[in-house]
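Following: one structure in structure tokens, then a few remarks.
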Amino acid sequence: MDKVIDIEERIPSMRERRRRKTNKKFLFIIAVFCIALLVLLYFQSPLSKVGEVRIHGNVLHDDNYYYEKSGVLVGTSFWGFETKEVERELLKLDGVSSVAVTRKWMRDIDISIDEWTTVAYMESGGEYGLLLENGTVLPSDGNYPSVPIMNHVDNPDIRKKLTKQLLKLDKNVLQMISEIIYTGSEEYPDTIIAYMDDGYEVHASIQTFAEKMDYYPDIISQLGGLEKGVVNMEVGIFFTPFSEVYGKGGVEEGEGDEDVEENE
């Protein structure tokens with residue numbers, strides 16, 4: 001025979017379950033309220049505002065330029081913008097090749113800028129601007145890198161070929177070049193003259209300029225205390241003193257030239 005449980009015996013346990021259930025609901029409501037309150041207080045406090053914006057990697061423009069262009073200003077909402085959107089806007093600026101915007105800690109923003117390499121100075125509107133590796137010419141804005149001046153390179157294709165050669169050059173050799181003048185003609189379309197900081201003059205072909213200029217420091221060391229002159233790299237490598245090139249009204253190619261051993 002089944003045991004019959006008196007309803008009065010079950011009432012206390014039912015009341016206890018109901019009380020626990022009510023308490024859980026109450027605690028849940030309190031927790032949601034507290035979280036909402038904390039979120040509201042956070043967004044009303046300085047903790048939700050941008051505290052510092054750090055710019056890294058820039059050379060062509062100063063920090064303030066990129067800071068203003070980013071639109072992410074100190075004191076604005078830390079969560080009021082999308083990093084990808086800021087990156088897209090900064091990528092539209094001349095000279096910028098890539099951008100990374102990241103949130104750091106609780107309030108800081110890091111903006112890492114990669115710019116196109118400056119390869120030379122070029123005259124633009126009566127002033128010398130910076131020629132970048134992507135072909136853009138920018139105002140120097142007080143930025144004066146150690147790169148050569150490029151003159152008479154109006155043809156975009158010639159400029160592109162010469163830019164590629166300059167990018168291949170060792171930085172130390174590049175810094176030794178003061179000026180490059182394009183001297184090409186219909187018969188010889190790729191000839192250039194490079195004036196060096198140490199007083200020498202290099203005649204070369206664009207196609208082999210970077211390859212042969214790698215030997216320039218060794219070539220000059222071989223010349224020792226000889227008179228300054230022209231290092232011809234168009235075909236082979238040989239040297240002619242200035243006194244023979246200019247002092248005597250010039251010489252026929254090959255006359256009075258000193259062969260310079262090309263170090264492999």
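Naming scheme: A, B, ... for chains in displayed order of the structure tokens; residues 1 onward per chain; ligands 1 onward as shown.
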Name all residues at most 7 Å from range 173-184 of chain A (count only C-alpha atoms; drop same-chain ones fewer than 3 positions away) and give them as a ChimeraX atom specification.
-> /A:146-153,169-170,188-197
Which of range 39-262 of chain A counts as strand (DSSP E or B) under DSSP, as a PyMOL selection string please?
-> chain A and resi 49+52-56+77+96-104+108-115+118-124+127-132+137-138+149-151+177-182+191-196+201-205+229-232+238-241+258-259
Which residues in range 86-208 of chain A does DSSP call alpha helix (DSSP H)? List them as number ranges by chain.
-> A: 86-91, 156-168, 171-174
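Considering only C-alpha atoms, the residue among A:Val72, A:Leu162, A:Ala210, A:Leu60 positioned nearest to Glu115 in chain A is A:Leu60.
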For Met213 in chain A, the nearest of the candidates A:Ser77, A:Gln165, A:Ser98, A:Asn64, counting only C-alpha atoms = A:Gln165
Using only C-alpha atoms, tabulate the residues of range 68-137 of chain A lying at most 9 Å from any atom of range 53-56 of chain A, each with its closest atom pair and that distance in Å to one decimal, by chain and increasing residue number, as a tab-separated table.
residue	atom	partner	partner_atom	distance
A:Val72	CA	A:Val53	CA	7.7
A:Leu73	CA	A:Val53	CA	7.4
A:Val74	CA	A:Val53	CA	6.9
A:Asp108	CA	A:Val53	CA	6.0
A:Ile109	CA	A:Val53	CA	4.7
A:Asp110	CA	A:Arg54	CA	4.9
A:Ile111	CA	A:Ile55	CA	4.9
A:Ser112	CA	A:His56	CA	4.7
A:Ile113	CA	A:His56	CA	5.9
A:Asp114	CA	A:His56	CA	8.5
In Å, rounded to a single decimal, give me how far CA of His203 in chain A is from CA of Thr240 in chain A.
-> 11.0 Å
